[in-house]
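Chemist: For reference, the structure I am asking about is given below.
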Amino acid sequence: MSSIRQSFIKHVAQTSELSMMMEISRAEGMYIYDASGKAHLDMNSGISVSSLGHCHPNVVKAIQHQAASYMHTMVYGEHIQGPQVAYASLLTQQLASSLNSVYFVNSGAEAVEGAMKLAKRYTGRYEIISCTNAYHGSTQGAEALRSDDDFLRSFLPGLPGIRHIDFNNIDHLSKITEKTAAVIFEPVQAECGVQTPKNDYLKAVRARCTEVGALMILDEIQTGFGRTGHLFAHHKYDVVPDVLLIAKSMGGGLPVGAFVADKEMMDSFSKNPMLGHITTFGGNPVVCAAAHATLKTILDDEIVKDVLAKEKLIRSLLIHPIIKEVRSSGLMMAVELTKRKYLKHVVGKTIEIGALIDYFLFNSKSFRLAPPLIISEQQIHDGCGILLQAMEYAYNKYN
Ligand SMILES: Cc1ncc(COP(=O)(O)O)c(C=O)c1O
């Protein structure tokens, strides 16, 4: 084993014994290059992050320019920093008028934490409802929203007042009551293998939240910025949440997240007592410059326009006897196989041949496809060709 591999295992804390162990040399556009120089077609976007591909020139230029001007000057909220203001202005122009105030943080989980605190302070209630099979992050509070008791056991006690409902179950909405501070959920559930809302589910949640005075927190950390074929998935389903959560692709490859709400609600953090939520690095100017360049490029280059056509093309190419079902919302896709035993062979072989795909957290029969939104028609053909080869390999192993 090369010494960098040994040092990675020894000195970089590991999350599992199954890490991909790919040594990266560089990344550009749709490709990540390993240490041997081999190009890997990214069909995964580093889990829905690199929507503009890797090292988009506009993003790199914005980072370089801002890094040479100023970086950290003060903790979040004290200094007026141009990149933050520019980003918040551009983002809120794309949203409903009630989503007009952006609280910047450093990750998706932090956006979840901040939004839960905001809901508690604003409503004076503490019950939070989330959906079974949802994933909202790995910090203590975000993790407490998880419905997986086995997983949570070693981290107990979790947050008090967490209750669960099943996604798409209209009957469960009666569990949202006058005691509920907030309901937090994804418009399209990701980690259970892409479940889309059925029968106006989002509108029903919206109506119930309004009826009982609970806040509707929508986690668009994975679905945001065009992934589902709309700039935000809630635009497609025609609902406006009280609090919107964003992260992942927001920074064009740099770490940033935010929760967005009405200024009147957000101002509850700044009094009684003040400093209700604080962060040192949230809204870092370099990161905000990257986020601004990312959003501007998505808008100027009309990146979202072709997402549904690309989804359709991928679906038309993925025909194989071991595919049971393809579930998708834009370029957020799950390919479910007929048998669980095929999965590791398909994922392993695809990566070996030269395309990057991944597993889901809570679905052992499906693999994840979430390519950068800039993927070309030719690259879709290339990627699907590799996937079909890998499926044929898996099929031949058992038949
Ligand atoms: C829907 C959703 N919410 C929240 C998070 C947590 O984001 P982060 O890993 O940036 O903390 C994730 C991460 O995968 C996610 O998919």
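Ordered as shown in the structure tokens, chains take letters A, B, and onward, while each chain numbers its residues from 1 and ligands are numbered from 1 in the order shown.
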Among range 72-227 of chain A, which ones does DSSP assign to strand (DSSP E) (computed from the backbone)? Answer as a list in words.

Modeler: Ser101, Val102, Tyr103, Phe104, Val105, Glu127, Ile128, Ile129, Ser130, Cys131, Ile162, Arg163, His164, Ile165, Thr180, Ala181, Ala182, Val183, Ile184, Phe185, Leu215, Met216, Ile217, Leu218 and Asp219 of chain A

Chemist: Residues as selected, C-alpha atoms, written as a PDB file, in the first residue's frame, can you do that?

Modeler:
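The resulting selection21.pdb:
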```
ATOM      1  CA  SER A 101     -33.909  36.536   5.159  1.00  0.00           C
ATOM      2  CA  VAL A 102     -30.918  34.189   4.846  1.00  0.00           C
ATOM      3  CA  TYR A 103     -29.044  32.852   7.877  1.00  0.00           C
ATOM      4  CA  PHE A 104     -25.697  31.485   6.661  1.00  0.00           C
ATOM      5  CA  VAL A 105     -24.114  28.416   8.251  1.00  0.00           C
ATOM      6  CA  GLU A 127     -42.214  19.271  19.602  1.00  0.00           C
ATOM      7  CA  ILE A 128     -40.590  18.630  16.207  1.00  0.00           C
ATOM      8  CA  ILE A 129     -42.061  16.153  13.739  1.00  0.00           C
ATOM      9  CA  SER A 130     -39.975  14.471  11.064  1.00  0.00           C
ATOM     10  CA  CYS A 131     -40.590  11.639   8.616  1.00  0.00           C
ATOM     11  CA  ILE A 162     -39.282  14.340  18.427  1.00  0.00           C
ATOM     12  CA  ARG A 163     -42.155  12.458  16.772  1.00  0.00           C
ATOM     13  CA  HIS A 164     -42.353  10.715  13.430  1.00  0.00           C
ATOM     14  CA  ILE A 165     -44.879  10.485  10.621  1.00  0.00           C
ATOM     15  CA  THR A 180     -45.963  21.124  17.305  1.00  0.00           C
ATOM     16  CA  ALA A 181     -43.248  23.723  16.781  1.00  0.00           C
ATOM     17  CA  ALA A 182     -42.301  22.463  13.339  1.00  0.00           C
ATOM     18  CA  VAL A 183     -42.561  19.699  10.817  1.00  0.00           C
ATOM     19  CA  ILE A 184     -39.301  19.080   8.986  1.00  0.00           C
ATOM     20  CA  PHE A 185     -39.172  17.026   5.826  1.00  0.00           C
ATOM     21  CA  LEU A 215     -43.808  25.843  11.019  1.00  0.00           C
ATOM     22  CA  MET A 216     -43.207  23.924   7.811  1.00  0.00           C
ATOM     23  CA  ILE A 217     -39.444  23.441   7.434  1.00  0.00           C
ATOM     24  CA  LEU A 218     -38.524  22.107   4.024  1.00  0.00           C
ATOM     25  CA  ASP A 219     -35.145  20.426   3.688  1.00  0.00           C
TER      26      ASP A 219
END
```

Chemist: Show which residues sit within 9 Å of range 280-287 of chain A, as a PDB file with N, CA and C atoms, in the first residue's frame. Count only C-alpha atoms, and ignore same-chain residues fewer than 5 positions away.

Modeler:
```
ATOM      1  N   ALA A  62     -14.223  33.404  -8.891  1.00  0.00           N
ATOM      2  CA  ALA A  62     -14.832  34.158  -7.779  1.00  0.00           C
ATOM      3  C   ALA A  62     -14.086  33.884  -6.472  1.00  0.00           C
ATOM      4  N   ILE A  63     -13.700  32.627  -6.277  1.00  0.00           N
ATOM      5  CA  ILE A  63     -12.957  32.262  -5.055  1.00  0.00           C
ATOM      6  C   ILE A  63     -11.611  32.982  -5.039  1.00  0.00           C
ATOM      7  N   GLN A  64     -10.920  32.921  -6.167  1.00  0.00           N
ATOM      8  CA  GLN A  64      -9.577  33.541  -6.225  1.00  0.00           C
ATOM      9  C   GLN A  64      -9.662  35.035  -5.985  1.00  0.00           C
ATOM     10  N   HIS A  65     -10.654  35.656  -6.603  1.00  0.00           N
ATOM     11  CA  HIS A  65     -10.804  37.107  -6.468  1.00  0.00           C
ATOM     12  C   HIS A  65     -11.088  37.477  -5.005  1.00  0.00           C
ATOM     13  N   GLN A  66     -12.020  36.759  -4.391  1.00  0.00           N
ATOM     14  CA  GLN A  66     -12.408  37.094  -3.012  1.00  0.00           C
ATOM     15  C   GLN A  66     -11.278  36.772  -2.027  1.00  0.00           C
ATOM     16  N   ALA A  67     -10.599  35.640  -2.259  1.00  0.00           N
ATOM     17  CA  ALA A  67      -9.513  35.260  -1.340  1.00  0.00           C
ATOM     18  C   ALA A  67      -8.401  36.311  -1.345  1.00  0.00           C
ATOM     19  N   TYR A  70     -10.411  39.832   0.779  1.00  0.00           N
ATOM     20  CA  TYR A  70     -10.426  39.557   2.225  1.00  0.00           C
ATOM     21  C   TYR A  70     -11.100  38.222   2.466  1.00  0.00           C
ATOM     22  N   MET A  71     -10.692  37.573   3.566  1.00  0.00           N
ATOM     23  CA  MET A  71     -11.319  36.306   3.964  1.00  0.00           C
ATOM     24  C   MET A  71     -12.068  36.549   5.267  1.00  0.00           C
ATOM     25  N   HIS A  72     -11.695  35.895   6.347  1.00  0.00           N
ATOM     26  CA  HIS A  72     -12.423  36.109   7.602  1.00  0.00           C
ATOM     27  C   HIS A  72     -12.081  37.480   8.179  1.00  0.00           C
ATOM     28  N   THR A  73     -13.097  38.264   8.518  1.00  0.00           N
ATOM     29  CA  THR A  73     -12.806  39.536   9.204  1.00  0.00           C
ATOM     30  C   THR A  73     -13.439  39.580  10.586  1.00  0.00           C
ATOM     31  N   MET A  74     -14.581  38.879  10.757  1.00  0.00           N
ATOM     32  CA  MET A  74     -15.272  38.898  12.050  1.00  0.00           C
ATOM     33  C   MET A  74     -16.293  37.766  12.042  1.00  0.00           C
ATOM     34  N   VAL A  75     -16.764  37.387  13.223  1.00  0.00           N
ATOM     35  CA  VAL A  75     -17.777  36.321  13.266  1.00  0.00           C
ATOM     36  C   VAL A  75     -19.024  36.761  12.500  1.00  0.00           C
ATOM     37  N   TYR A  76     -19.862  35.786  12.144  1.00  0.00           N
ATOM     38  CA  TYR A  76     -21.049  36.042  11.320  1.00  0.00           C
ATOM     39  C   TYR A  76     -21.968  37.097  11.948  1.00  0.00           C
ATOM     40  N   GLY A  77     -22.440  37.996  11.113  1.00  0.00           N
ATOM     41  CA  GLY A  77     -23.487  38.924  11.535  1.00  0.00           C
ATOM     42  C   GLY A  77     -23.001  40.288  11.981  1.00  0.00           C
ATOM     43  N   GLN A  81     -20.448  42.357   4.671  1.00  0.00           N
ATOM     44  CA  GLN A  81     -19.530  41.777   3.687  1.00  0.00           C
ATOM     45  C   GLN A  81     -20.274  41.613   2.351  1.00  0.00           C
ATOM     46  N   GLY A  82     -19.712  42.227   1.318  1.00  0.00           N
ATOM     47  CA  GLY A  82     -20.356  42.254   0.006  1.00  0.00           C
ATOM     48  C   GLY A  82     -20.828  40.896  -0.507  1.00  0.00           C
ATOM     49  N   PRO A  83     -19.977  39.848  -0.460  1.00  0.00           N
ATOM     50  CA  PRO A  83     -20.399  38.562  -1.030  1.00  0.00           C
ATOM     51  C   PRO A  83     -21.641  37.971  -0.360  1.00  0.00           C
ATOM     52  N   GLN A  84     -21.727  38.172   0.974  1.00  0.00           N
ATOM     53  CA  GLN A  84     -22.916  37.682   1.704  1.00  0.00           C
ATOM     54  C   GLN A  84     -24.172  38.408   1.245  1.00  0.00           C
ATOM     55  N   TYR A 103     -30.011  33.058   6.792  1.00  0.00           N
ATOM     56  CA  TYR A 103     -29.044  32.852   7.877  1.00  0.00           C
ATOM     57  C   TYR A 103     -27.992  31.861   7.367  1.00  0.00           C
ATOM     58  N   PHE A 104     -26.758  32.322   7.242  1.00  0.00           N
ATOM     59  CA  PHE A 104     -25.697  31.485   6.661  1.00  0.00           C
ATOM     60  C   PHE A 104     -25.035  30.604   7.721  1.00  0.00           C
ATOM     61  N   VAL A 105     -24.854  29.347   7.399  1.00  0.00           N
ATOM     62  CA  VAL A 105     -24.114  28.416   8.251  1.00  0.00           C
ATOM     63  C   VAL A 105     -23.109  27.644   7.378  1.00  0.00           C
ATOM     64  N   ASN A 106     -22.540  26.580   7.922  1.00  0.00           N
ATOM     65  CA  ASN A 106     -21.439  25.912   7.206  1.00  0.00           C
ATOM     66  C   ASN A 106     -21.782  24.568   6.578  1.00  0.00           C
ATOM     67  N   SER A 107     -22.976  24.063   6.846  1.00  0.00           N
ATOM     68  CA  SER A 107     -23.310  22.721   6.347  1.00  0.00           C
ATOM     69  C   SER A 107     -24.825  22.529   6.397  1.00  0.00           C
ATOM     70  N   GLY A 251     -22.667  25.856  -2.618  1.00  0.00           N
ATOM     71  CA  GLY A 251     -21.344  26.497  -2.651  1.00  0.00           C
ATOM     72  C   GLY A 251     -20.489  26.126  -3.844  1.00  0.00           C
ATOM     73  N   GLY A 252     -21.043  25.402  -4.794  1.00  0.00           N
ATOM     74  CA  GLY A 252     -20.265  25.029  -5.974  1.00  0.00           C
ATOM     75  C   GLY A 252     -19.042  24.186  -5.632  1.00  0.00           C
ATOM     76  N   LEU A 254     -17.717  24.316  -2.272  1.00  0.00           N
ATOM     77  CA  LEU A 254     -17.226  24.770  -0.960  1.00  0.00           C
ATOM     78  C   LEU A 254     -18.333  24.558   0.083  1.00  0.00           C
ATOM     79  N   PRO A 255     -17.942  24.406   1.362  1.00  0.00           N
ATOM     80  CA  PRO A 255     -18.931  24.075   2.391  1.00  0.00           C
ATOM     81  C   PRO A 255     -19.734  25.287   2.842  1.00  0.00           C
ATOM     82  N   VAL A 256     -21.025  25.230   2.641  1.00  0.00           N
ATOM     83  CA  VAL A 256     -21.921  26.311   3.078  1.00  0.00           C
ATOM     84  C   VAL A 256     -23.336  25.764   3.170  1.00  0.00           C
ATOM     85  N   GLY A 257     -24.118  26.321   4.055  1.00  0.00           N
ATOM     86  CA  GLY A 257     -25.538  25.992   4.151  1.00  0.00           C
ATOM     87  C   GLY A 257     -26.263  27.237   4.611  1.00  0.00           C
ATOM     88  N   ALA A 258     -27.584  27.172   4.591  1.00  0.00           N
ATOM     89  CA  ALA A 258     -28.347  28.321   5.078  1.00  0.00           C
ATOM     90  C   ALA A 258     -29.757  27.879   5.412  1.00  0.00           C
ATOM     91  N   HIS A 292     -22.341  32.598  -4.782  1.00  0.00           N
ATOM     92  CA  HIS A 292     -22.935  33.587  -5.689  1.00  0.00           C
ATOM     93  C   HIS A 292     -22.612  33.238  -7.141  1.00  0.00           C
TER      94      HIS A 292
END
```

Chemist: Can I get the residues close to ligand 1 as an NGL selection string, where close means within 9 Å and we count only C-alpha atoms and all ligand atoms?

Modeler: :A and (47-48 or 106-112 or 134-139 or 142 or 185-186 or 188-191 or 219-223 or 245-248 or 255-257)

Chemist: Take the residues from that selection and put them in a file with N, CA and C atoms, as a tab-separated table (two decimals), in the first residue's frame.

Modeler:
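Result written to part_37.tsv:
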```tsv
chain	number	residue	atom	x	y	z
A	47	ILE	N	-22.36	13.23	-3.93
A	47	ILE	CA	-23.69	13.25	-3.28
A	47	ILE	C	-24.34	14.63	-3.44
A	48	SER	N	-24.74	14.87	-4.68
A	48	SER	CA	-25.57	16.05	-5.01
A	48	SER	C	-24.91	17.39	-4.67
A	106	ASN	N	-22.54	26.58	7.92
A	106	ASN	CA	-21.44	25.91	7.21
A	106	ASN	C	-21.78	24.57	6.58
A	107	SER	N	-22.98	24.06	6.85
A	107	SER	CA	-23.31	22.72	6.35
A	107	SER	C	-24.82	22.53	6.40
A	108	GLY	N	-25.26	21.40	5.83
A	108	GLY	CA	-26.68	21.08	5.88
A	108	GLY	C	-27.16	20.83	7.30
A	109	ALA	N	-26.40	20.03	8.04
A	109	ALA	CA	-26.83	19.70	9.40
A	109	ALA	C	-26.96	20.96	10.25
A	110	GLU	N	-26.05	21.90	10.05
A	110	GLU	CA	-26.12	23.15	10.82
A	110	GLU	C	-27.36	23.96	10.44
A	111	ALA	N	-27.75	23.88	9.18
A	111	ALA	CA	-28.99	24.56	8.76
A	111	ALA	C	-30.18	23.94	9.48
A	112	VAL	N	-30.16	22.61	9.61
A	112	VAL	CA	-31.23	21.90	10.32
A	112	VAL	C	-31.26	22.34	11.78
A	134	ALA	N	-36.11	9.46	6.94
A	134	ALA	CA	-35.52	10.71	6.45
A	134	ALA	C	-34.10	10.82	6.99
A	135	TYR	N	-33.27	11.56	6.29
A	135	TYR	CA	-31.94	11.88	6.79
A	135	TYR	C	-31.77	13.39	6.73
A	136	HIS	N	-31.42	13.99	7.87
A	136	HIS	CA	-31.26	15.45	7.90
A	136	HIS	C	-29.88	15.87	8.39
A	137	GLY	N	-28.96	14.91	8.56
A	137	GLY	CA	-27.63	15.30	8.99
A	137	GLY	C	-27.18	14.50	10.19
A	138	SER	N	-25.91	14.69	10.57
A	138	SER	CA	-25.31	13.79	11.55
A	138	SER	C	-24.88	14.48	12.84
A	139	THR	N	-25.25	15.73	13.04
A	139	THR	CA	-25.02	16.36	14.34
A	139	THR	C	-26.08	15.82	15.31
A	142	ALA	N	-29.80	16.98	14.53
A	142	ALA	CA	-30.28	16.51	13.23
A	142	ALA	C	-30.42	14.99	13.24
A	185	PHE	N	-39.21	18.15	6.77
A	185	PHE	CA	-39.17	17.03	5.83
A	185	PHE	C	-38.60	17.47	4.50
A	186	GLU	N	-38.24	16.47	3.68
A	186	GLU	CA	-37.70	16.74	2.35
A	186	GLU	C	-38.85	16.68	1.35
A	188	VAL	N	-38.64	15.64	-1.69
A	188	VAL	CA	-38.45	14.31	-2.27
A	188	VAL	C	-37.51	13.59	-1.32
A	189	GLN	N	-37.94	12.49	-0.73
A	189	GLN	CA	-37.08	11.81	0.24
A	189	GLN	C	-35.91	11.15	-0.50
A	190	ALA	N	-34.71	11.47	-0.06
A	190	ALA	CA	-33.53	11.03	-0.80
A	190	ALA	C	-33.00	9.68	-0.34
A	191	GLU	N	-32.61	9.59	0.93
A	191	GLU	CA	-31.79	8.47	1.37
A	191	GLU	C	-32.51	7.13	1.48
A	219	ASP	N	-36.56	20.73	3.87
A	219	ASP	CA	-35.14	20.43	3.69
A	219	ASP	C	-34.87	20.21	2.20
A	220	GLU	N	-34.37	21.27	1.56
A	220	GLU	CA	-34.01	21.17	0.13
A	220	GLU	C	-32.49	21.08	-0.03
A	221	ILE	N	-31.86	20.52	0.99
A	221	ILE	CA	-30.40	20.42	0.98
A	221	ILE	C	-29.93	19.55	-0.18
A	222	GLN	N	-30.69	18.53	-0.49
A	222	GLN	CA	-30.32	17.67	-1.61
A	222	GLN	C	-31.09	18.03	-2.90
A	223	THR	N	-32.32	18.52	-2.74
A	223	THR	CA	-33.16	18.77	-3.93
A	223	THR	C	-32.95	20.16	-4.53
A	245	LEU	N	-34.37	25.04	3.88
A	245	LEU	CA	-32.99	24.66	4.20
A	245	LEU	C	-32.23	24.35	2.91
A	246	ILE	N	-31.04	24.92	2.80
A	246	ILE	CA	-30.21	24.67	1.62
A	246	ILE	C	-28.77	24.40	2.04
A	247	ALA	N	-28.04	23.68	1.22
A	247	ALA	CA	-26.61	23.42	1.44
A	247	ALA	C	-26.09	22.68	0.19
A	248	LYS	N	-25.29	21.67	0.39
A	248	LYS	CA	-24.75	20.81	-0.68
A	248	LYS	C	-24.30	21.60	-1.92
A	255	PRO	N	-17.94	24.41	1.36
A	255	PRO	CA	-18.93	24.07	2.39
A	255	PRO	C	-19.73	25.29	2.84
A	256	VAL	N	-21.03	25.23	2.64
A	256	VAL	CA	-21.92	26.31	3.08
A	256	VAL	C	-23.34	25.76	3.17
A	257	GLY	N	-24.12	26.32	4.06
A	257	GLY	CA	-25.54	25.99	4.15
A	257	GLY	C	-26.26	27.24	4.61
```

Chemist: Which residue is closest to Glu392 in chain A? Choose from A:Phe232, A:Phe367, A:Tyr122, A:Tyr342 and count only C-alpha atoms.

Modeler: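 For Glu392 in chain A, the nearest of the given residues is A:Tyr342.
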
Chemist: Hey, could you make a per-residue contact list for range 170-234 of chain A against range 306-314 of chain A with 10 Å as the cut-off, showing the nearest pair of atoms and its distance in Å to one decimal, counting only C-alpha atoms, sorted by chain and number, as a Markdown table?

Modeler:
```
| residue | atom | partner | partner_atom | distance |
| --- | --- | --- | --- | --- |
| A:Gly226 | CA | A:Val307 | CA | 7.6 |
| A:Arg227 | CA | A:Val307 | CA | 7.6 |
| A:Thr228 | CA | A:Val307 | CA | 7.5 |
| A:Gly229 | CA | A:Val307 | CA | 5.0 |
| A:His230 | CA | A:Val307 | CA | 8.3 |
```

Chemist: Go ahead and save the picked residues with N, CA and C atoms, as a JSON list (two decimals), in the first residue's frame.

Modeler:
```json
[["chain", "number", "residue", "atom", "x", "y", "z"],
["A", 226, "GLY", "N", -31.86, 23.13, -8.67],
["A", 226, "GLY", "CA", -32.08, 22.54, -9.98],
["A", 226, "GLY", "C", -32.06, 21.03, -10.04],
["A", 227, "ARG", "N", -31.68, 20.38, -8.97],
["A", 227, "ARG", "CA", -31.51, 18.91, -9.00],
["A", 227, "ARG", "C", -32.78, 18.20, -9.51],
["A", 228, "THR", "N", -33.96, 18.70, -9.13],
["A", 228, "THR", "CA", -35.20, 17.99, -9.51],
["A", 228, "THR", "C", -35.81, 18.52, -10.81],
["A", 229, "GLY", "N", -35.08, 19.42, -11.48],
["A", 229, "GLY", "CA", -35.63, 19.96, -12.73],
["A", 229, "GLY", "C", -36.35, 21.28, -12.52],
["A", 230, "HIS", "N", -36.36, 21.75, -11.29],
["A", 230, "HIS", "CA", -36.90, 23.08, -10.94],
["A", 230, "HIS", "C", -35.85, 23.70, -10.03]]
```

Chemist: Give me the residues near Leu337 in chain A as a ChimeraX atom specification, where near means some atom within 12 Å (using only C-alpha atoms) and where sequence neighbours in that chain fewer than 6 positions away do not count.

Modeler: /A:193,318-327,343-347,363-368,391,394-395

Chemist: Could you write those residues out with N, CA and C atoms, as an mmCIF file, in the first residue's frame?

Modeler:
```cif
data_model
loop_
_atom_site.group_PDB
_atom_site.id
_atom_site.type_symbol
_atom_site.label_atom_id
_atom_site.label_comp_id
_atom_site.auth_asym_id
_atom_site.auth_seq_id
_atom_site.Cartn_x
_atom_site.Cartn_y
_atom_site.Cartn_z
ATOM 1 N N GLY A 193 -34.001 6.139 -1.039
ATOM 2 C CA GLY A 193 -33.968 5.708 -2.436
ATOM 3 C C GLY A 193 -34.957 6.451 -3.308
ATOM 4 N N LEU A 318 -31.636 3.100 -19.497
ATOM 5 C CA LEU A 318 -31.435 2.107 -18.436
ATOM 6 C C LEU A 318 -32.476 0.988 -18.528
ATOM 7 N N ILE A 319 -32.251 0.115 -19.463
ATOM 8 C CA ILE A 319 -33.136 -1.042 -19.651
ATOM 9 C C ILE A 319 -32.275 -2.296 -19.475
ATOM 10 N N HIS A 320 -32.584 -3.085 -18.458
ATOM 11 C CA HIS A 320 -31.812 -4.321 -18.224
ATOM 12 C C HIS A 320 -32.656 -5.245 -17.351
ATOM 13 N N PRO A 321 -32.527 -6.571 -17.562
ATOM 14 C CA PRO A 321 -33.379 -7.491 -16.768
ATOM 15 C C PRO A 321 -33.182 -7.385 -15.259
ATOM 16 N N ILE A 322 -32.042 -6.889 -14.770
ATOM 17 C CA ILE A 322 -31.910 -6.816 -13.308
ATOM 18 C C ILE A 322 -32.404 -5.481 -12.730
ATOM 19 N N ILE A 323 -32.925 -4.623 -13.598
ATOM 20 C CA ILE A 323 -33.522 -3.377 -13.076
ATOM 21 C C ILE A 323 -34.988 -3.630 -12.755
ATOM 22 N N LYS A 324 -35.345 -3.400 -11.499
ATOM 23 C CA LYS A 324 -36.753 -3.562 -11.122
ATOM 24 C C LYS A 324 -37.525 -2.264 -11.371
ATOM 25 N N GLU A 325 -36.877 -1.152 -11.015
ATOM 26 C CA GLU A 325 -37.586 0.129 -11.125
ATOM 27 C C GLU A 325 -36.567 1.264 -11.096
ATOM 28 N N VAL A 326 -36.860 2.321 -11.849
ATOM 29 C CA VAL A 326 -36.064 3.542 -11.727
ATOM 30 C C VAL A 326 -36.990 4.608 -11.150
ATOM 31 N N ARG A 327 -36.597 5.154 -9.994
ATOM 32 C CA ARG A 327 -37.383 6.249 -9.396
ATOM 33 C C ARG A 327 -36.551 7.522 -9.549
ATOM 34 N N LEU A 343 -26.415 -5.670 -6.006
ATOM 35 C CA LEU A 343 -26.063 -4.259 -5.817
ATOM 36 C C LEU A 343 -24.559 -4.012 -5.722
ATOM 37 N N LYS A 344 -23.883 -4.765 -4.836
ATOM 38 C CA LYS A 344 -22.454 -4.460 -4.641
ATOM 39 C C LYS A 344 -21.630 -4.740 -5.909
ATOM 40 N N HIS A 345 -22.083 -5.711 -6.703
ATOM 41 C CA HIS A 345 -21.366 -5.993 -7.956
ATOM 42 C C HIS A 345 -21.568 -4.862 -8.963
ATOM 43 N N VAL A 346 -22.786 -4.350 -9.023
ATOM 44 C CA VAL A 346 -23.049 -3.260 -9.982
ATOM 45 C C VAL A 346 -22.250 -2.018 -9.579
ATOM 46 N N VAL A 347 -22.313 -1.678 -8.294
ATOM 47 C CA VAL A 347 -21.600 -0.471 -7.850
ATOM 48 C C VAL A 347 -20.091 -0.663 -8.029
ATOM 49 N N ASN A 363 -31.422 2.153 1.722
ATOM 50 C CA ASN A 363 -32.055 1.315 0.700
ATOM 51 C C ASN A 363 -31.005 0.348 0.171
ATOM 52 N N SER A 364 -31.178 -0.905 0.490
ATOM 53 C CA SER A 364 -30.118 -1.865 0.165
ATOM 54 C C SER A 364 -30.325 -2.547 -1.189
ATOM 55 N N LYS A 365 -31.314 -2.087 -1.965
ATOM 56 C CA LYS A 365 -31.511 -2.680 -3.295
ATOM 57 C C LYS A 365 -31.302 -1.698 -4.434
ATOM 58 N N SER A 366 -31.038 -0.439 -4.082
ATOM 59 C CA SER A 366 -30.962 0.597 -5.125
ATOM 60 C C SER A 366 -29.616 1.300 -5.103
ATOM 61 N N PHE A 367 -29.177 1.732 -6.279
ATOM 62 C CA PHE A 367 -28.013 2.609 -6.288
ATOM 63 C C PHE A 367 -28.418 4.017 -6.704
ATOM 64 N N ARG A 368 -27.548 4.944 -6.339
ATOM 65 C CA ARG A 368 -27.811 6.374 -6.490
ATOM 66 C C ARG A 368 -27.179 6.897 -7.778
ATOM 67 N N MET A 391 -24.139 -4.042 -14.964
ATOM 68 C CA MET A 391 -25.332 -4.851 -14.651
ATOM 69 C C MET A 391 -25.238 -6.220 -15.315
ATOM 70 N N ALA A 394 -22.970 -8.269 -13.204
ATOM 71 C CA ALA A 394 -23.638 -8.743 -11.978
ATOM 72 C C ALA A 394 -24.616 -9.875 -12.308
ATOM 73 N N TYR A 395 -25.341 -9.713 -13.401
ATOM 74 C CA TYR A 395 -26.309 -10.733 -13.815
ATOM 75 C C TYR A 395 -25.598 -12.060 -14.096
#
```

Chemist: Name the closest residue to Val60 in chain A among the candidates A:His277, A:Ile357, A:Cys209, A:Gly253; distances are taken between atoms, counting only C-alpha atoms.

Modeler: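 Distance minimum relative to Val60 in chain A lands on A:Gly253.
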
Chemist: Show me a table, sorted first by chain and then by increasing residue number, of the residues of range 240-350 of chain A having an atom at most 10 Å from range 38-46 of chain A, each with its shortest atom pair and the distance in Å to one decimal, counting only C-alpha atoms and written as JSON lines.

Modeler:
```
{"residue": "A:Lys248", "atom": "CA", "partner": "A:Gly46", "partner_atom": "CA", "distance": 9.2}
{"residue": "A:Ser249", "atom": "CA", "partner": "A:Ser45", "partner_atom": "CA", "distance": 8.8}
{"residue": "A:Gly253", "atom": "CA", "partner": "A:Gly46", "partner_atom": "CA", "distance": 9.1}
{"residue": "A:Leu331", "atom": "CA", "partner": "A:Asn44", "partner_atom": "CA", "distance": 9.7}
{"residue": "A:Met332", "atom": "CA", "partner": "A:Asn44", "partner_atom": "CA", "distance": 9.2}
{"residue": "A:Met333", "atom": "CA", "partner": "A:Asn44", "partner_atom": "CA", "distance": 9.8}
{"residue": "A:Thr350", "atom": "CA", "partner": "A:His40", "partner_atom": "CA", "distance": 9.9}
```

Chemist: Hey, what's within 10 Å of Leu156 in chain A if we count only C-alpha atoms and toss same-chain stuff fewer than 4 positions away? As a list of chain:residue names, please?

Modeler: A:Gln140, A:Ala144, A:Asp149, A:Phe151, A:Leu152

Chemist: Write out as a VMD selection string which residues come within 12 Å of range 9-26 of chain A when counting only C-alpha atoms, dropping same-chain ones fewer than 5 positions away.

Modeler: chain A and resid 1 to 4 31 to 40 54 to 55 138 344 347 to 348 351 to 352 354 356 to 359

Chemist: Check the smallest atom-to-atom distance from each of A:Gln6, A:Leu52, A:Ser98, A:Ser316 to Asp262 in chain A using only C-alpha atoms, then report the winner.

Modeler: A:Ser98

Chemist: Can you tell me how far CA of Val304 in chain A sits from CA of Ala115 in chain A, in Å to one decimal?

Modeler: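 Value for the CA of Val304 in chain A-CA of Ala115 in chain A distance: 27.0 Å.
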
Chemist: Point out the residue among A:Ala27, A:Leu299, A:Ile80, A:Leu118 with the least atom-to-atom distance to Lys263 in chain A, counting only C-alpha atoms.

Modeler: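 Closest candidate: A:Leu118.
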
Chemist: Can you pull out every residue within 9 Å of Leu95 in chain A, counting only C-alpha atoms, but drop anything in the same chain fewer than 4 positions away, and send it as a ChimeraX atom specification?

Modeler: /A:91,99-100,232,235,240

Chemist: For N, CA and C atoms, I'd like the residues from the last selection saved as a tab-separated table (two decimals), in the first residue's frame.

Modeler:
```tsv
chain	number	residue	atom	x	y	z
A	91	LEU	N	-30.38	35.21	-4.08
A	91	LEU	CA	-31.15	34.01	-3.72
A	91	LEU	C	-32.61	34.38	-3.44
A	99	LEU	N	-39.82	34.35	1.99
A	99	LEU	CA	-38.49	33.76	2.23
A	99	LEU	C	-37.45	34.82	1.87
A	100	ASN	N	-37.29	35.78	2.77
A	100	ASN	CA	-36.53	36.97	2.42
A	100	ASN	C	-35.30	37.21	3.30
A	232	PHE	N	-36.05	25.03	-7.24
A	232	PHE	CA	-36.30	24.36	-5.95
A	232	PHE	C	-37.51	23.45	-6.13
A	235	HIS	N	-41.08	24.69	-5.71
A	235	HIS	CA	-41.70	25.43	-6.82
A	235	HIS	C	-42.57	24.47	-7.64
A	240	VAL	N	-45.18	27.02	-0.33
A	240	VAL	CA	-44.13	27.89	0.21
A	240	VAL	C	-43.91	27.48	1.67
```
